[in-house]
file input-v8.cif (mmCIF, C-alpha atoms and all ligand atoms)
data_coords
#
loop_
_atom_site.label_atom_id
_atom_site.label_comp_id
_atom_site.auth_asym_id
_atom_site.auth_seq_id
_atom_site.Cartn_x
_atom_site.Cartn_y
_atom_site.Cartn_z
CA MET A 262 92.48 6.54 -18.64
CA GLU A 263 90.27 3.45 -18.60
CA THR A 264 86.82 3.32 -20.16
CA GLN A 265 84.46 5.21 -17.86
CA SER A 266 81.26 4.09 -16.20
CA VAL A 267 79.48 4.14 -19.55
CA GLY A 268 80.96 0.96 -20.99
CA PHE A 269 80.51 -0.61 -24.39
CA HIS A 270 77.92 -3.37 -24.30
CA LYS A 271 79.34 -5.50 -27.09
CA ALA A 272 82.89 -6.17 -28.19
CA GLY A 273 83.86 -5.10 -31.71
CA LEU A 274 84.79 -1.45 -31.60
CA PRO A 275 88.55 -0.88 -31.93
CA GLY A 276 90.12 -1.55 -28.52
CA ALA A 277 91.60 1.91 -28.06
CA VAL A 278 88.27 3.64 -28.68
CA ASN A 279 87.16 4.48 -25.18
CA PHE A 280 84.72 7.40 -25.43
CA PRO A 281 80.98 6.88 -26.04
CA LEU A 282 80.44 9.87 -28.35
CA THR A 283 81.40 10.16 -32.00
CA MET A 284 80.83 12.69 -34.80
CA ALA A 285 78.40 12.09 -37.69
CA PRO A 286 79.50 12.09 -41.33
CA MET A 287 78.04 15.23 -42.92
CA VAL A 288 78.61 16.37 -46.48
CA GLY A 289 80.11 19.85 -46.56
CA LEU A 290 80.67 19.88 -42.79
CA SER A 291 82.76 17.00 -41.44
CA HIS A 292 86.01 17.98 -43.17
CA CYS A 293 89.34 17.77 -41.38
CA ALA A 294 89.28 21.36 -40.07
CA PHE A 295 85.98 20.70 -38.31
CA ARG A 296 87.20 17.34 -37.01
CA GLN A 297 90.26 19.09 -35.61
CA LEU A 298 88.09 21.74 -33.92
CA VAL A 299 86.01 19.04 -32.25
CA ARG A 300 89.08 16.93 -31.41
CA GLU A 301 90.44 19.86 -29.44
CA TYR A 302 87.42 19.51 -27.12
CA LEU A 303 87.94 15.78 -26.58
CA PRO A 304 88.88 15.04 -22.95
CA LEU A 305 92.53 14.22 -22.39
CA GLY A 306 93.06 10.49 -22.94
CA ALA A 307 89.76 9.94 -24.73
CA THR A 308 89.69 8.25 -28.13
CA THR A 309 86.80 8.03 -30.56
CA LEU A 310 85.94 7.39 -34.23
CA TRP A 311 86.16 10.17 -36.82
CA PRO A 312 84.16 10.17 -40.07
CA SER A 313 84.77 11.74 -43.45
CA GLU A 314 82.07 13.31 -45.55
CA MET A 315 80.66 10.60 -47.81
CA LEU A 316 83.04 9.69 -50.64
CA ASN A 317 81.89 8.22 -53.92
CA SER A 318 83.67 4.95 -54.68
CA ARG A 319 82.98 5.45 -58.39
CA ARG A 320 85.26 8.46 -58.36
CA LEU A 321 87.77 7.50 -55.65
CA PRO A 322 90.00 5.35 -57.88
CA GLU A 323 90.86 8.39 -60.08
CA GLU A 324 91.08 10.94 -57.31
CA LYS A 325 94.15 12.39 -55.59
CA LEU A 326 92.95 12.10 -52.04
CA HIS A 327 95.22 14.76 -50.54
CA LYS A 328 93.78 17.25 -53.04
CA ILE A 329 90.06 16.80 -52.47
CA PRO A 330 88.73 18.67 -49.41
CA GLU A 331 86.32 15.85 -48.53
CA ALA A 332 89.19 13.41 -48.04
CA MET A 333 91.86 15.68 -46.57
CA VAL A 334 93.27 14.54 -43.24
CA PHE A 335 95.59 16.07 -40.68
CA GLU A 336 98.68 14.12 -39.69
CA ASN A 337 97.54 13.53 -36.12
CA GLU A 338 94.22 11.90 -37.07
CA ASN A 339 93.46 8.67 -35.29
CA TYR A 340 90.59 6.32 -36.12
CA TRP A 341 89.66 8.10 -39.32
CA MET A 342 86.75 6.08 -40.77
CA PRO A 343 86.02 7.40 -44.27
CA GLN A 344 82.47 6.78 -45.40
CA ILE A 345 81.90 5.41 -48.90
CA LEU A 346 78.95 5.22 -51.22
CA ALA A 347 79.54 1.90 -52.90
CA ASN A 348 77.97 -1.01 -54.72
CA GLU A 349 80.54 -2.27 -57.26
CA GLU A 350 83.29 -4.68 -56.30
CA GLU A 351 85.85 -3.32 -58.73
CA LYS A 352 85.48 0.24 -57.45
CA ILE A 353 85.69 -0.98 -53.88
CA ARG A 354 88.82 -3.02 -54.69
CA LEU A 355 90.49 0.05 -56.14
CA SER A 356 89.27 2.53 -53.53
CA LEU A 357 90.12 0.77 -50.28
CA PRO A 358 93.92 0.55 -50.58
CA LYS A 359 93.98 4.25 -51.45
CA LEU A 360 91.95 5.10 -48.38
CA TYR A 361 94.17 2.97 -46.12
CA ASP A 362 97.32 4.55 -47.58
CA HIS A 363 95.74 7.87 -46.79
CA GLY A 364 95.24 7.03 -43.11
CA ALA A 365 91.93 5.16 -42.89
CA GLN A 366 91.64 2.74 -39.97
CA GLY A 367 88.25 1.47 -40.99
CA ILE A 368 85.58 1.91 -43.66
CA ASP A 369 81.99 2.98 -43.17
CA ILE A 370 79.42 2.11 -45.86
CA ASN A 371 76.63 4.61 -46.44
CA MET A 372 73.23 2.91 -46.62
CA GLY A 373 71.29 5.97 -45.55
CA CYS A 374 71.78 8.67 -48.15
CA PRO A 375 68.35 9.50 -49.64
CA VAL A 376 69.38 12.01 -52.33
CA GLN A 377 68.31 11.36 -55.93
CA LYS A 378 71.87 10.91 -57.20
CA ALA A 379 72.50 8.05 -54.78
CA LEU A 380 69.15 6.45 -55.61
CA LYS A 381 69.88 6.67 -59.32
CA HIS A 382 73.12 4.72 -58.87
CA ASN A 383 71.46 2.27 -56.53
CA TYR A 384 73.52 2.94 -53.46
CA GLY A 385 72.97 4.92 -50.28
CA VAL A 386 69.56 4.16 -48.85
CA SER A 387 68.44 2.21 -51.93
CA LEU A 388 70.65 -0.65 -50.70
CA MET A 389 68.21 -1.01 -47.82
CA GLY A 390 65.61 -2.08 -50.37
CA ASP A 391 67.64 -5.13 -51.42
CA ALA A 392 68.80 -7.10 -48.39
CA GLN A 393 70.81 -9.66 -50.33
CA TYR A 394 72.65 -7.12 -52.38
CA ALA A 395 73.32 -4.93 -49.33
CA ALA A 396 74.92 -7.93 -47.62
CA ARG A 397 76.97 -8.54 -50.78
CA VAL A 398 78.26 -4.97 -50.64
CA VAL A 399 79.40 -5.56 -47.06
CA GLU A 400 81.07 -8.83 -48.12
CA MET A 401 82.84 -7.11 -51.02
CA THR A 402 84.11 -4.40 -48.71
CA VAL A 403 85.23 -6.85 -46.02
CA LYS A 404 87.10 -8.80 -48.70
CA TYR A 405 89.41 -5.84 -49.42
CA ALA A 406 89.40 -4.35 -45.91
CA THR A 407 92.25 -4.54 -43.46
CA GLY A 408 90.27 -3.06 -40.57
CA PRO A 409 86.68 -2.75 -39.36
CA VAL A 410 83.79 -2.25 -41.78
CA SER A 411 80.73 -0.49 -40.43
CA VAL A 412 77.37 0.38 -42.01
CA LYS A 413 75.30 3.51 -41.42
CA LEU A 414 71.58 2.89 -41.84
CA ARG A 415 68.27 4.67 -41.73
CA ALA A 416 65.00 3.41 -40.30
CA VAL A 417 62.57 1.59 -42.57
CA ASP A 418 58.88 2.45 -42.82
CA SER A 419 56.28 0.12 -41.40
CA GLU A 420 55.62 -1.69 -44.71
CA ALA A 421 59.25 -2.77 -45.01
CA LYS A 422 59.49 -3.67 -41.34
CA SER A 423 58.85 -7.40 -41.77
CA GLY A 424 62.12 -8.01 -43.61
CA TRP A 425 64.17 -5.67 -41.47
CA ARG A 426 65.48 -8.21 -38.96
CA ASP A 427 66.77 -10.43 -41.76
CA PHE A 428 68.26 -7.38 -43.42
CA VAL A 429 70.32 -6.29 -40.40
CA LYS A 430 71.23 -9.88 -39.47
CA GLY A 431 72.38 -10.27 -43.08
CA LEU A 432 74.75 -7.31 -42.69
CA GLU A 433 76.09 -8.84 -39.49
CA SER A 434 76.66 -12.23 -41.13
CA ALA A 435 78.33 -10.55 -44.10
CA GLY A 436 80.99 -9.23 -41.72
CA ALA A 437 79.91 -5.75 -40.62
CA THR A 438 81.88 -4.94 -37.47
CA TRP A 439 79.22 -2.57 -36.14
CA LEU A 440 76.08 -0.81 -37.34
CA CYS A 441 74.99 2.79 -36.90
CA LEU A 442 71.33 3.73 -37.08
CA HIS A 443 69.80 7.14 -37.77
CA PRO A 444 66.18 6.19 -37.11
CA ARG A 445 64.36 8.33 -39.63
CA THR A 446 63.00 6.86 -42.85
CA ALA A 447 64.33 8.01 -46.21
CA ASP A 448 61.11 9.97 -46.80
CA GLN A 449 61.57 11.83 -43.54
CA LYS A 450 65.06 12.96 -44.59
CA ARG A 451 65.95 14.99 -41.47
CA ARG A 452 62.42 16.13 -40.60
CA GLY A 453 60.33 14.90 -37.69
CA GLN A 454 61.69 13.18 -34.65
CA ALA A 455 64.20 10.36 -34.70
CA ASP A 456 62.57 7.20 -33.34
CA TRP A 457 65.05 5.94 -30.74
CA SER A 458 62.96 2.82 -30.07
CA GLN A 459 64.29 1.49 -33.39
CA ILE A 460 67.85 1.81 -32.04
CA ARG A 461 66.79 -0.29 -29.07
CA GLU A 462 65.29 -2.86 -31.44
CA LEU A 463 68.55 -2.98 -33.37
CA THR A 464 70.66 -3.50 -30.24
CA GLU A 465 68.35 -6.40 -29.34
CA THR A 466 68.56 -7.91 -32.82
CA VAL A 467 72.29 -8.02 -33.58
CA ASN A 468 75.27 -9.21 -31.59
CA ILE A 469 77.66 -6.56 -32.87
CA PRO A 470 78.00 -3.04 -31.43
CA VAL A 471 75.41 -0.44 -32.38
CA ILE A 472 75.92 3.31 -32.64
CA GLY A 473 72.76 5.34 -32.10
CA ASN A 474 72.18 8.63 -33.86
CA GLY A 475 69.50 11.30 -34.14
CA ASP A 476 68.51 14.56 -32.44
CA ILE A 477 71.30 14.72 -29.86
CA GLN A 478 71.71 18.23 -28.48
CA THR A 479 72.97 17.95 -24.88
CA PRO A 480 75.01 15.60 -22.66
CA THR A 481 71.73 14.52 -21.06
CA ASP A 482 70.41 13.46 -24.48
CA ILE A 483 73.52 11.30 -24.89
CA LEU A 484 73.10 9.59 -21.53
CA ASN A 485 69.39 9.10 -22.22
CA MET A 486 70.09 7.51 -25.59
CA LEU A 487 72.69 5.18 -24.07
CA ASN A 488 70.31 4.18 -21.26
CA GLU A 489 67.13 3.88 -23.31
CA THR A 490 68.52 2.07 -26.32
CA HIS A 491 71.52 0.18 -24.87
CA CYS A 492 73.56 1.33 -27.83
CA ASP A 493 77.34 1.22 -27.44
CA MET A 494 78.09 4.70 -28.67
CA VAL A 495 76.17 7.82 -29.60
CA MET A 496 76.77 9.79 -32.78
CA ALA A 497 76.05 13.53 -32.87
CA GLY A 498 75.77 15.56 -36.06
CA ARG A 499 74.26 19.00 -36.45
CA VAL A 500 74.69 20.06 -32.82
CA LEU A 501 78.46 19.84 -33.12
CA THR A 502 78.45 22.79 -35.51
CA ALA A 503 77.07 24.82 -32.59
CA ARG A 504 78.37 23.01 -29.55
CA PRO A 505 81.61 21.22 -30.44
CA TRP A 506 82.44 21.25 -26.72
CA LEU A 507 79.67 18.66 -26.21
CA PHE A 508 82.58 16.17 -25.98
CA TRP A 509 84.07 18.19 -23.12
CA GLN A 510 80.71 18.50 -21.32
CA LEU A 511 80.02 14.78 -21.60
CA GLY A 512 83.57 13.96 -20.53
CA GLU A 513 83.17 16.16 -17.48
CA ASP A 514 79.89 14.42 -16.57
CA LEU A 515 81.61 11.04 -16.86
CA GLY A 516 84.65 12.06 -14.81
CA TRP A 517 87.17 12.59 -17.60
CA PRO A 518 89.83 15.30 -17.32
CA SER A 519 89.46 18.47 -19.38
CA PRO A 520 90.84 18.60 -22.93
CA GLU A 521 94.51 19.44 -23.38
CA ARG A 522 93.70 22.71 -25.13
CA HIS A 523 90.84 23.88 -22.89
CA LYS A 524 91.45 23.92 -19.16
CA GLY A 525 88.98 24.34 -16.31
CA ARG A 526 85.25 23.73 -16.52
CA ALA A 527 83.27 23.13 -19.72
CA PRO A 528 80.99 26.03 -20.77
CA ARG A 529 77.46 25.35 -19.47
CA THR A 530 75.42 28.52 -18.99
CA PRO A 531 73.80 30.20 -22.02
CA THR A 532 76.28 33.09 -21.75
CA GLU A 533 79.34 30.85 -21.37
CA GLU A 534 78.20 28.86 -24.36
CA GLY A 535 77.56 32.01 -26.37
CA ILE A 536 81.16 33.11 -25.74
CA GLU A 537 82.57 29.68 -26.57
CA TYR A 538 80.56 29.58 -29.79
CA GLY A 539 82.33 32.74 -30.93
CA ARG A 540 85.73 31.30 -29.95
CA SER A 541 85.03 28.08 -31.77
CA LEU A 542 84.17 29.96 -34.98
CA PHE A 543 87.41 31.98 -34.85
CA ARG A 544 89.33 28.75 -34.34
CA LEU A 545 87.54 26.96 -37.18
CA LEU A 546 88.26 29.83 -39.54
CA GLU A 547 91.92 29.70 -38.57
CA LEU A 548 92.04 25.94 -39.18
CA MET A 549 90.33 26.29 -42.57
CA GLU A 550 92.60 29.14 -43.59
CA GLY A 551 95.57 26.82 -43.13
CA ILE A 552 94.36 24.21 -45.61
CA LEU A 553 91.68 25.43 -48.03
CA PRO A 554 91.54 28.08 -50.74
CA GLU A 555 89.74 31.21 -49.54
CA ARG A 556 86.51 30.96 -51.57
CA LEU A 557 85.97 27.31 -50.83
CA ALA A 558 86.80 27.75 -47.15
CA LEU A 559 84.33 30.62 -46.83
CA ARG A 560 81.60 28.68 -48.59
CA LYS A 561 82.05 25.83 -46.13
CA PHE A 562 82.30 28.26 -43.22
CA VAL A 563 78.97 29.87 -44.18
CA PHE A 564 77.34 26.43 -44.36
CA HIS A 565 78.77 25.58 -40.95
CA ILE A 566 77.27 28.78 -39.52
CA LYS A 567 73.96 28.16 -41.27
CA THR A 568 73.71 24.77 -39.58
CA GLY A 569 74.88 25.81 -36.10
CA SER A 570 73.57 29.34 -35.71
CA VAL A 571 70.02 28.05 -35.06
CA TRP A 572 71.15 27.51 -31.46
CA LEU A 573 71.51 31.31 -31.10
CA PRO A 574 68.61 33.82 -30.87
CA PHE A 575 70.23 36.12 -33.43
CA GLY A 576 72.07 33.41 -35.28
CA HIS A 577 70.30 34.22 -38.57
CA GLU A 578 71.93 37.68 -38.41
CA LEU A 579 75.38 36.15 -38.12
CA TYR A 580 74.59 33.84 -41.03
CA ARG A 581 73.25 36.70 -43.18
CA LYS A 582 76.30 38.87 -42.54
CA MET A 583 78.72 36.03 -43.13
CA THR A 584 77.25 35.29 -46.57
CA ALA A 585 78.57 38.72 -47.65
CA ALA A 586 82.17 38.07 -46.47
CA LYS A 587 84.39 37.39 -49.45
CA THR A 588 87.79 37.24 -47.72
CA PHE A 589 89.14 35.67 -44.55
CA SER A 590 89.69 39.09 -43.05
CA ALA A 591 86.12 40.16 -43.85
CA ALA A 592 84.85 36.97 -42.21
CA ARG A 593 86.95 37.67 -39.13
CA LYS A 594 85.54 41.20 -39.00
CA VAL A 595 81.98 39.84 -39.09
CA LEU A 596 82.80 37.55 -36.16
CA GLU A 597 84.46 40.38 -34.21
CA THR A 598 81.46 42.68 -34.65
CA PHE A 599 78.88 39.99 -33.85
CA PHE A 600 80.67 38.63 -30.79
CA ALA A 601 81.49 42.10 -29.42
CA HIS A 602 78.07 41.67 -27.77
CA SER A 603 77.16 38.87 -25.43
CA HIS A 604 75.00 36.06 -26.88
CA GLN A 605 72.98 33.48 -25.00
CA MET A 606 72.96 30.04 -26.51
CA TYR A 607 69.82 27.87 -26.42
CA GLN A 608 70.27 24.50 -24.81
CA LYS A 609 67.88 23.02 -27.34
CA THR A 610 66.43 24.19 -30.60
CA GLU A 611 64.02 22.79 -33.13
CA LEU A 612 66.00 20.76 -35.64
CA ARG A 613 64.53 21.41 -39.07
CA GLN A 614 67.34 21.24 -41.63
C1 LIG B 1 74.47 18.72 -43.93
C2 LIG B 1 74.37 17.26 -43.62
C3 LIG B 1 75.04 16.34 -44.41
C4 LIG B 1 74.95 14.97 -44.13
N1 LIG B 1 75.70 14.10 -44.85
C5 LIG B 1 75.72 12.77 -44.51
C6 LIG B 1 76.62 11.86 -45.12
O1 LIG B 1 77.45 12.24 -45.94
N2 LIG B 1 76.56 10.57 -44.75
C7 LIG B 1 75.69 10.11 -43.80
O2 LIG B 1 75.68 8.93 -43.50
N3 LIG B 1 74.84 10.96 -43.19
C8 LIG B 1 74.86 12.27 -43.51
N4 LIG B 1 74.06 13.15 -42.82
C9 LIG B 1 73.20 12.64 -41.73
C10 LIG B 1 73.95 12.69 -40.39
O3 LIG B 1 75.08 11.85 -40.40
C11 LIG B 1 73.03 12.30 -39.24
O4 LIG B 1 72.61 10.99 -39.45
C12 LIG B 1 71.81 13.23 -39.12
O5 LIG B 1 72.17 14.58 -39.22
C13 LIG B 1 71.08 12.99 -37.77
O6 LIG B 1 71.95 13.29 -36.70
P1 LIG B 1 71.79 14.67 -35.86
O7 LIG B 1 70.34 14.77 -35.46
O8 LIG B 1 72.72 14.50 -34.68
O9 LIG B 1 72.19 15.78 -36.77
C14 LIG B 1 74.14 14.51 -43.07
C15 LIG B 1 73.47 15.44 -42.28
C16 LIG B 1 73.58 16.81 -42.53
C17 LIG B 1 72.88 17.79 -41.62
#
call {"tool": "encode", "arguments": {"input": "input-v8.cif", "output": "structure tokens"}}
result
Amino acid sequence: METQSVGFHKAGLPGAVNFPLTMAPMVGLSHCAFRQLVREYLPLGATTLWPSEMLNSRRLPEEKLHKIPEAMVFENENYWMPQILANEEEKIRLSLPKLYDHGAQGIDINMGCPVQKALKHNYGVSLMGDAQYAARVVEMTVKYATGPVSVKLRAVDSEAKSGWRDFVKGLESAGATWLCLHPRTADQKRRGQADWSQIRELTETVNIPVIGNGDIQTPTDILNMLNETHCDMVMAGRVLTARPWLFWQLGEDLGWPSPERHKGRAPRTPTEEGIEYGRSLFRLLELMEGILPERLALRKFVFHIKTGSVWLPFGHELYRKMTAAKTFSAARKVLETFFAHSHQMYQKTELRQ
């Protein structure tokens, strides 16, 4: 299958990546079981990039990657792009070979994390406050990389706007292969609306590919972001915990065949989506059961439901009941009881968390 009518504007993404939608890195959510769930909805023949949850390069050198849930991978994973929090050359030098041995085909640098811990260590979004040092971090990473190096950024507030062009051009000159922008400022965290016009500004400023991110909920949102911002790819985060078949829906709209595992038409109506949501949760639980200890798996499963159930009128009930499930079989029972009734999924919801 060739790249479809939505083509990439700028060269730089790995050649075999041919689908314009990718998943966002999300702590506690984008583990390998969730990636596998979403991958099963990818149209046949489509290839995209897959993130890890953010990994701390201060700890990576000592860690056994196959033992930490954040870095676990399945054997069939293609284009796994682990995301690192990094700012020290020595830690980067030691971390990268481990990540490549573990299956990485590229490295993403986090320059958007606004949590206190990241600020204290001067990485994450604090790198956006020091353009020269941020470019150095890209250079250090490129030096030890054997594949693409991308950077995930946030928007800057109006006071910092004057230096922003030099900042992003600096990342490009330092060797970033592409940039991804979540256009909310650090203060906004995930509140308010993402300002897509800043994605457009970024695509007009750099000559490397840009991935746009923020507030995607439907296939129409994806096409709108591609058209309005001229970004090369769209990244979706929270919605995938509710609608992992977004990949299938978009593929269908672009003329791709259905996924290998799911034949026929993608779910579209509120009732079809409500049914598929239940199926996807059973499948995710099954995938988690195969790789994670019960307590940890259930904690992550509850967080997944907390994030995604806002697309369902009675989603809070499902979340509340699931918090009481202490075993896999109890969790399955909660799903069976809840999905014994039909549920209508919202196409869009207010994104608050
Ligand atoms: C629970 C959660 C954890 C997140 N963790 C990360 C992270 O580790 N690295 C990162 O770059 N962004 C992280 N993000 C931000 C997302 O990657 C994304 O930029 C944001 O959710 C906006 O996209 P969305 O509106 O499609 O959800 C996280 C978001 C959520 C909801």
call {"tool": "atom_distance", "arguments": {"input": "input-v8.cif", "atom1": "CA of Arg452 (chain A)", "atom2": "CA of Gly539 (chain A)"}}
result
27.7 Å
call {"tool": "residues_around", "arguments": {"input": "input-v8.cif", "residues": "Asp482 (chain A)", "least_positions_apart": "3", "cutoff": "12 Å", "atoms": "all atoms listed in the file", "output": "compact mmCIF listing (two decimals) with C-alpha atoms, in the frame of the given file"}}
result
# COMPACT_ATOMS: atom_id res chain seq x y z
CA LEU A 282 80.44 9.87 -28.35
CA TRP A 457 65.05 5.94 -30.74
CA GLY A 473 72.76 5.34 -32.10
CA ASN A 474 72.18 8.63 -33.86
CA GLY A 475 69.50 11.30 -34.14
CA ASP A 476 68.51 14.56 -32.44
CA ILE A 477 71.30 14.72 -29.86
CA GLN A 478 71.71 18.23 -28.48
CA THR A 479 72.97 17.95 -24.88
CA ASN A 485 69.39 9.10 -22.22
CA MET A 486 70.09 7.51 -25.59
CA LEU A 487 72.69 5.18 -24.07
CA ASN A 488 70.31 4.18 -21.26
CA GLU A 489 67.13 3.88 -23.31
CA THR A 490 68.52 2.07 -26.32
CA VAL A 495 76.17 7.82 -29.60
CA MET A 496 76.77 9.79 -32.78
CA ALA A 497 76.05 13.53 -32.87
CA VAL A 500 74.69 20.06 -32.82
CA LEU A 507 79.67 18.66 -26.21
CA GLN A 510 80.71 18.50 -21.32
CA LEU A 511 80.02 14.78 -21.60
CA GLN A 608 70.27 24.50 -24.81
CA LYS A 609 67.88 23.02 -27.34
call {"tool": "closest_residue", "arguments": {"input": "input-v8.cif", "among": "A:Glu324, A:Glu462, A:Glu533, A:Glu314", "to": "ligand LIG 1 (chain B)", "atoms": "all atoms listed in the file"}}
result
A:Glu314
call {"tool": "residues_around", "arguments": {"input": "input-v8.cif", "residues": "region 359-363 of chain A", "least_positions_apart": "2", "cutoff": "10 Å", "atoms": "all atoms listed in the file", "output": "ChimeraX atom specification"}}
result
/A:321-322,324-327,332-334,336,341-343,354-357,365-368,406-408
call {"tool": "closest_residue", "arguments": {"input": "input-v8.cif", "among": "A:His602, A:Arg415, A:Arg397, A:Arg504", "to": "Glu433 (chain A)", "atoms": "only C-alpha atoms"}}
result
A:Arg397
call {"tool": "closest_residue", "arguments": {"input": "input-v8.cif", "among": "A:Lys413, A:Arg296, A:Lys567, A:His523", "to": "Val386 (chain A)", "atoms": "all atoms listed in the file"}}
result
A:Lys413
call {"tool": "residues_around", "arguments": {"input": "input-v8.cif", "residues": "Gly525 (chain A)", "least_positions_apart": "5", "cutoff": "12 Å", "atoms": "all atoms listed in the file", "output": "list in words"}}
result
Tyr302, Pro304, Trp509, Gln510, Glu513, Trp517, Pro518, Ser519 and Pro520 of chain A
